[in-house]
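**Student:** Quick one: this structure, given as C-alpha cells, is what I'll be asking you about.
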Amino acid sequence: MKLPSIRTLRKYHRIARVGEIARRYFAMNAFDGVLTILGVLVGSWFGNVRDAGAVVTLGIAASFAMGVSGFYGAYMTEKAERSRSLAELEESTLCNLRDTDIGHASTYATIVVSLVDGFSPFAAAVIAVSPFFLGDIIPIETAFYAAFALAFAELFALGMYLGAISRDRMVLSGIKMVTAGLVCVAMGYALGATA
Amino acid sequence: MSKVRRLVLDVLKPHQPTILDLAVRLGDLEGVEGTDVVLNEIDNKVENIKITLEGPHINFDEVAAVIQESGGSIHSIDKVSTGKELIEEANTPQDISARWMR
C-alpha cells in the first residue's frame with residue numbers, strides 16, 4: 001500500500017476539518033488524563049502508599065487504560081459517524097465515494113482523531129507520574145509534591161491553551177482548570193479523612 | 001485523429017474538496033491550458049458546477065478521473081470542440097425563431 005504524500009495528507013486534513021475535532025479531543029482527553037492521575041495520586045497519598053514503584057505501576061496502568069479506551073472509543077465512534085455522513089452524501093451524489101478524496105479524508109480523520117484521543121490522556125498521565133521514576137533518588141514525599149505540582153501545571157497549561165483557542169483571558173482559563181483539580185484533591189482529602 | 005480542444009461539462013460534486021482544489025487539479029493536467037469552473041446551484045450537501053476546459057489536446061479520461069477522485073459525477077457533456085482551430089456554433093434561422101419563442 002502506497003503511503004500518501006504530506007501534500008495529500010494536508011488536503012485530507014483540510015477536507016475533513018480534522019484540526020477542529022482533534023483540538024477538542026486533545027483538550028478534553030488530556031484533562032481527563034490529568035484528573036484521573038490526580039485521583040490516583042490523592043488516593044495513594046491518603047491511602048499511605050509510600051512505595052514509588054507501586055505508584056508508578058498504578059499510574060502507568062491507569063494511563064494505558066485511558067490510552068486504549070480513548071483510541072478504541074474514538075475510532076469506533078468516528079468511523080460510525082463518518083460512514084453515516086458518507087452514505088448520506090452518496091444518496092445525494094448517486095455514486096460511490098469510498099475511493100474518492102472525501103472517502104480517503106474520512107479514513108484519515110478517523111485514524112488521526114483516534115490517535116489524538118488515545119495519546120493525549122496517556123501522555124498527560126505519564127507526565128504527572130514521572131517524578132516517581134526517580135523514586136530511588138528522591139524522597140517519596142518530594143516525588144508526591146512534584147507530581148502534584150506537575151499535574152496542576154498541566155491543568156493550568158491546558159486552561160491557557162483553551163483560552164488561546166477561544167481568544168479568552170488565558171490566565172483566567174488556566175485558573176478555572178486548576179480549580180477542577182483542587183476539587184478533585186478536596187474530595188480525596190474528605191475521603192481519606194472519613195476512611 | 002482530431003484532438004479535443006474545448007470541453008464543457010455539467011458536474012455534481014460534494015462541497016469538499018472545493019471548486020478551487022478541483023480547478024487547480026484540472027489545470028495541472030497535460031493538454032489543458034485553461035480551466036473555468038462556475039457554480040450553478042448549491043444545497044446543503046452538494047453543488048452543481050459547469051467546467052470549461054481549453055487546451056491543445058484534452059484527455060477526457062484523465063479529466064473524468066480527476067472529477068471522480070474529487071467525488072464528483074459528470075451529469076452531461078454540454079459542449080465539445082475539436083480540430084485544428086476553435087470555432088463557435090453557427091447561427092441558423094431556427095435558432096432565431098426559437099429565441100423569439102422563448
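A note on labels: chains of the C-alpha cells are A, B, ... as shown, every chain counts residues from 1, and ligands are counted from 1 in their shown order.
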Find the spatial neighbours of Tyr12 (chain A), counting only C-alpha atoms, within a cut-off of 9 Å - ignore same-chain residues fewer than 5 positions away - and output them as a ChimeraX atom specification.
**Tutor:** /A:7,17-18,101-102,104-106,108-109 /B:17
**Student:** Identify all residues of region 6-90 of chain B in strand (DSSP E or B) (DSSP on the backbone) and supply them as a ChimeraX atom specification.
**Tutor:** /B:6-14,34-42,46-54,73-82
**Student:** Go ahead and save the residues from that selection, with N, CA and C atoms, as an mmCIF file, in the first residue's frame.
**Tutor:**
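Once written, selection14.cif looks like this:
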data_model
loop_
_atom_site.group_PDB
_atom_site.id
_atom_site.type_symbol
_atom_site.label_atom_id
_atom_site.label_comp_id
_atom_site.auth_asym_id
_atom_site.auth_seq_id
_atom_site.Cartn_x
_atom_site.Cartn_y
_atom_site.Cartn_z
ATOM 1 N N ARG B 6 -11.796 21.962 -26.707
ATOM 2 C CA ARG B 6 -12.623 22.620 -25.691
ATOM 3 C C ARG B 6 -13.654 21.615 -25.202
ATOM 4 N N LEU B 7 -13.886 21.658 -23.885
ATOM 5 C CA LEU B 7 -14.827 20.712 -23.279
ATOM 6 C C LEU B 7 -15.647 21.466 -22.239
ATOM 7 N N VAL B 8 -16.956 21.295 -22.279
ATOM 8 C CA VAL B 8 -17.817 21.917 -21.260
ATOM 9 C C VAL B 8 -18.616 20.797 -20.605
ATOM 10 N N LEU B 9 -18.492 20.691 -19.274
ATOM 11 C CA LEU B 9 -19.133 19.592 -18.546
ATOM 12 C C LEU B 9 -20.071 20.117 -17.470
ATOM 13 N N ASP B 10 -21.143 19.376 -17.246
ATOM 14 C CA ASP B 10 -22.055 19.664 -16.133
ATOM 15 C C ASP B 10 -21.765 18.611 -15.060
ATOM 16 N N VAL B 11 -21.331 19.072 -13.896
ATOM 17 C CA VAL B 11 -20.841 18.136 -12.867
ATOM 18 C C VAL B 11 -21.562 18.385 -11.541
ATOM 19 N N LEU B 12 -21.874 17.288 -10.853
ATOM 20 C CA LEU B 12 -22.426 17.383 -9.490
ATOM 21 C C LEU B 12 -21.355 16.880 -8.530
ATOM 22 N N LYS B 13 -21.034 17.650 -7.491
ATOM 23 C CA LYS B 13 -19.978 17.251 -6.556
ATOM 24 C C LYS B 13 -20.329 17.642 -5.128
ATOM 25 N N PRO B 14 -19.711 16.950 -4.149
ATOM 26 C CA PRO B 14 -19.869 17.386 -2.759
ATOM 27 C C PRO B 14 -19.123 18.713 -2.544
ATOM 28 N N GLY B 34 -6.322 26.071 -20.096
ATOM 29 C CA GLY B 34 -7.169 26.971 -19.323
ATOM 30 C C GLY B 34 -8.349 26.234 -18.723
ATOM 31 N N THR B 35 -8.727 26.628 -17.513
ATOM 32 C CA THR B 35 -9.846 25.987 -16.813
ATOM 33 C C THR B 35 -10.771 27.069 -16.273
ATOM 34 N N ASP B 36 -12.071 26.832 -16.410
ATOM 35 C CA ASP B 36 -13.041 27.761 -15.812
ATOM 36 C C ASP B 36 -14.107 26.928 -15.121
ATOM 37 N N VAL B 37 -14.349 27.210 -13.861
ATOM 38 C CA VAL B 37 -15.363 26.469 -13.112
ATOM 39 C C VAL B 37 -16.360 27.471 -12.551
ATOM 40 N N VAL B 38 -17.633 27.246 -12.832
ATOM 41 C CA VAL B 38 -18.685 28.166 -12.369
ATOM 42 C C VAL B 38 -19.675 27.396 -11.509
ATOM 43 N N LEU B 39 -20.044 28.004 -10.396
ATOM 44 C CA LEU B 39 -21.040 27.382 -9.522
ATOM 45 C C LEU B 39 -22.441 27.749 -10.033
ATOM 46 N N ASN B 40 -23.242 26.728 -10.326
ATOM 47 C CA ASN B 40 -24.603 26.988 -10.809
ATOM 48 C C ASN B 40 -25.625 26.919 -9.676
ATOM 49 N N GLU B 41 -25.586 25.794 -8.961
ATOM 50 C CA GLU B 41 -26.565 25.618 -7.871
ATOM 51 C C GLU B 41 -25.873 25.002 -6.679
ATOM 52 N N ILE B 42 -26.443 25.235 -5.510
ATOM 53 C CA ILE B 42 -25.848 24.675 -4.292
ATOM 54 C C ILE B 42 -26.955 24.329 -3.294
ATOM 55 N N VAL B 46 -24.494 19.145 -1.689
ATOM 56 C CA VAL B 46 -23.793 19.073 -2.981
ATOM 57 C C VAL B 46 -23.921 20.392 -3.739
ATOM 58 N N GLU B 47 -23.106 20.505 -4.802
ATOM 59 C CA GLU B 47 -23.177 21.695 -5.655
ATOM 60 C C GLU B 47 -23.068 21.270 -7.114
ATOM 61 N N ASN B 48 -23.765 22.023 -7.951
ATOM 62 C CA ASN B 48 -23.757 21.749 -9.384
ATOM 63 C C ASN B 48 -22.868 22.790 -10.055
ATOM 64 N N ILE B 49 -21.888 22.342 -10.832
ATOM 65 C CA ILE B 49 -20.929 23.282 -11.420
ATOM 66 C C ILE B 49 -20.801 23.044 -12.925
ATOM 67 N N LYS B 50 -20.339 24.096 -13.636
ATOM 68 C CA LYS B 50 -20.042 23.966 -15.061
ATOM 69 C C LYS B 50 -18.531 24.119 -15.199
ATOM 70 N N ILE B 51 -17.921 23.117 -15.834
ATOM 71 C CA ILE B 51 -16.466 23.147 -16.030
ATOM 72 C C ILE B 51 -16.191 23.369 -17.509
ATOM 73 N N THR B 52 -15.372 24.375 -17.794
ATOM 74 C CA THR B 52 -14.934 24.634 -19.168
ATOM 75 C C THR B 52 -13.427 24.460 -19.230
ATOM 76 N N LEU B 53 -13.002 23.613 -20.158
ATOM 77 C CA LEU B 53 -11.566 23.381 -20.317
ATOM 78 C C LEU B 53 -11.158 23.707 -21.736
ATOM 79 N N GLU B 54 -9.999 24.318 -21.881
ATOM 80 C CA GLU B 54 -9.449 24.570 -23.222
ATOM 81 C C GLU B 54 -7.983 24.216 -23.219
ATOM 82 N N SER B 73 -19.549 13.721 -10.119
ATOM 83 C CA SER B 73 -20.030 12.866 -11.207
ATOM 84 C C SER B 73 -20.436 13.767 -12.373
ATOM 85 N N ILE B 74 -20.039 13.324 -13.574
ATOM 86 C CA ILE B 74 -20.334 14.107 -14.787
ATOM 87 C C ILE B 74 -21.771 13.820 -15.187
ATOM 88 N N HIS B 75 -22.623 14.823 -15.113
ATOM 89 C CA HIS B 75 -24.024 14.649 -15.494
ATOM 90 C C HIS B 75 -24.181 14.683 -17.004
ATOM 91 N N SER B 76 -23.445 15.592 -17.650
ATOM 92 C CA SER B 76 -23.540 15.662 -19.109
ATOM 93 C C SER B 76 -22.314 16.373 -19.681
ATOM 94 N N ILE B 77 -22.040 16.024 -20.953
ATOM 95 C CA ILE B 77 -21.016 16.761 -21.712
ATOM 96 C C ILE B 77 -21.791 17.769 -22.537
ATOM 97 N N ASP B 78 -21.720 19.033 -22.164
ATOM 98 C CA ASP B 78 -22.575 20.053 -22.783
ATOM 99 C C ASP B 78 -22.005 20.611 -24.086
ATOM 100 N N LYS B 79 -20.682 20.556 -24.210
ATOM 101 C CA LYS B 79 -20.078 21.123 -25.428
ATOM 102 C C LYS B 79 -18.719 20.487 -25.656
ATOM 103 N N VAL B 80 -18.423 20.203 -26.914
ATOM 104 C CA VAL B 80 -17.096 19.702 -27.288
ATOM 105 C C VAL B 80 -16.649 20.429 -28.543
ATOM 106 N N SER B 81 -15.394 20.832 -28.549
ATOM 107 C CA SER B 81 -14.818 21.424 -29.769
ATOM 108 C C SER B 81 -13.541 20.677 -30.082
ATOM 109 N N THR B 82 -13.424 20.254 -31.332
ATOM 110 C CA THR B 82 -12.207 19.539 -31.744
ATOM 111 C C THR B 82 -11.646 20.179 -33.010
#
**Student:** Once you count only C-alpha atoms, which residues of chain A turn out to be within 6 Å of chain B? Could you give them as a PyMOL selection string?
**Tutor:** chain A and resi 15+97+100-101
**Student:** Which residues come within 7 Å of region 142-152 of chain A, counting only C-alpha atoms, excluding same-chain residues fewer than 5 positions away, as an mmCIF file with N, CA and C atoms, in the first residue's frame?
**Tutor:**
data_model
loop_
_atom_site.group_PDB
_atom_site.id
_atom_site.type_symbol
_atom_site.label_atom_id
_atom_site.label_comp_id
_atom_site.auth_asym_id
_atom_site.auth_seq_id
_atom_site.Cartn_x
_atom_site.Cartn_y
_atom_site.Cartn_z
ATOM 1 N N VAL A 34 -5.256 13.975 33.228
ATOM 2 C CA VAL A 34 -4.644 14.635 34.386
ATOM 3 C C VAL A 34 -5.498 14.422 35.635
ATOM 4 N N LEU A 38 -4.498 12.490 38.979
ATOM 5 C CA LEU A 38 -4.586 13.259 40.227
ATOM 6 C C LEU A 38 -5.351 12.446 41.271
ATOM 7 N N ALA A 128 2.561 13.476 34.675
ATOM 8 C CA ALA A 128 2.288 13.736 36.098
ATOM 9 C C ALA A 128 2.959 12.698 36.984
ATOM 10 N N VAL A 129 3.043 11.470 36.534
ATOM 11 C CA VAL A 129 3.592 10.367 37.341
ATOM 12 C C VAL A 129 5.127 10.314 37.263
ATOM 13 N N PRO A 131 7.788 12.007 38.208
ATOM 14 C CA PRO A 131 8.726 12.140 39.344
ATOM 15 C C PRO A 131 8.981 10.821 40.066
ATOM 16 N N PHE A 132 8.010 9.908 40.033
ATOM 17 C CA PHE A 132 8.176 8.630 40.743
ATOM 18 C C PHE A 132 9.173 7.707 40.045
ATOM 19 N N GLY A 135 12.218 7.487 41.971
ATOM 20 C CA GLY A 135 11.892 7.051 43.328
ATOM 21 C C GLY A 135 13.089 6.586 44.132
ATOM 22 N N VAL A 178 -7.437 24.676 36.982
ATOM 23 C CA VAL A 178 -6.769 24.316 38.238
ATOM 24 C C VAL A 178 -7.810 24.097 39.338
ATOM 25 N N GLY A 181 -9.008 20.664 39.472
ATOM 26 C CA GLY A 181 -8.026 19.811 40.129
ATOM 27 C C GLY A 181 -8.096 19.924 41.643
#
**Student:** Which residues come within 12 Å of Ala54 (chain A), counting only C-alpha atoms, excluding same-chain residues fewer than 5 positions away, as a VMD selection string?
**Tutor:** chain A and resid 40 to 41 44 to 45 48 to 49 59 to 61 129 132 to 133 135 140
**Student:** Determine which residues of chain B receive a DSSP assignment of helix (DSSP H, G or I), computed from the backbone, and state them as a ChimeraX atom specification.
**Tutor:** /B:19-27,60-69,93-101
**Student:** Go ahead and compute the interatomic distance for CA of Thr36 (chain A) and CA of Ile165 (chain A), in Å to one decimal.
**Tutor:** 24.1 Å
**Student:** Extract, using only C-alpha atoms, all DNA, RNA and protein residues at most 12 Å from Lys84 (chain B), discarding same-chain residues fewer than 3 positions from it, and format them as a list in words.
**Tutor:**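 Non-adjacent residues within range: Met1, Ser2, Lys3, Val4, Arg5, Arg6, Gly55, Pro56, His57, Ser81 and Ile87 of chain B.
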**Student:** Selected residues, C-alpha atoms, written as a PDB file, in the first residue's frame, please.
**Tutor:**
ATOM      1  CA  MET B   1      -7.408  11.735 -35.213  1.00  0.00           C
ATOM      2  CA  SER B   2      -8.531  15.224 -34.196  1.00  0.00           C
ATOM      3  CA  LYS B   3      -7.886  16.369 -30.666  1.00  0.00           C
ATOM      4  CA  VAL B   4     -10.377  17.754 -28.152  1.00  0.00           C
ATOM      5  CA  ARG B   5      -9.689  21.500 -27.819  1.00  0.00           C
ATOM      6  CA  ARG B   6     -12.623  22.620 -25.691  1.00  0.00           C
ATOM      7  CA  GLY B  55      -6.140  23.312 -24.466  1.00  0.00           C
ATOM      8  CA  PRO B  56      -4.256  21.809 -27.378  1.00  0.00           C
ATOM      9  CA  HIS B  57      -5.223  18.197 -26.537  1.00  0.00           C
ATOM     10  CA  SER B  81     -14.818  21.424 -29.769  1.00  0.00           C
ATOM     11  CA  ILE B  87     -14.917  27.716 -33.806  1.00  0.00           C
TER      12      ILE B  87
END
**Student:** Using only C-alpha atoms, pick whichever of B:Leu26, B:Leu20, B:Glu85, B:Asn91 has the shortest atom-to-atom distance to Phe60 (chain B).
**Tutor:**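 For Phe60 (chain B), the nearest of the given residues is B:Leu26.
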**Student:** What does the distance from CA of Met160 (chain A) to CA of Tyr189 (chain A) come to in Å, to one decimal?
**Tutor:** 26.9 Å
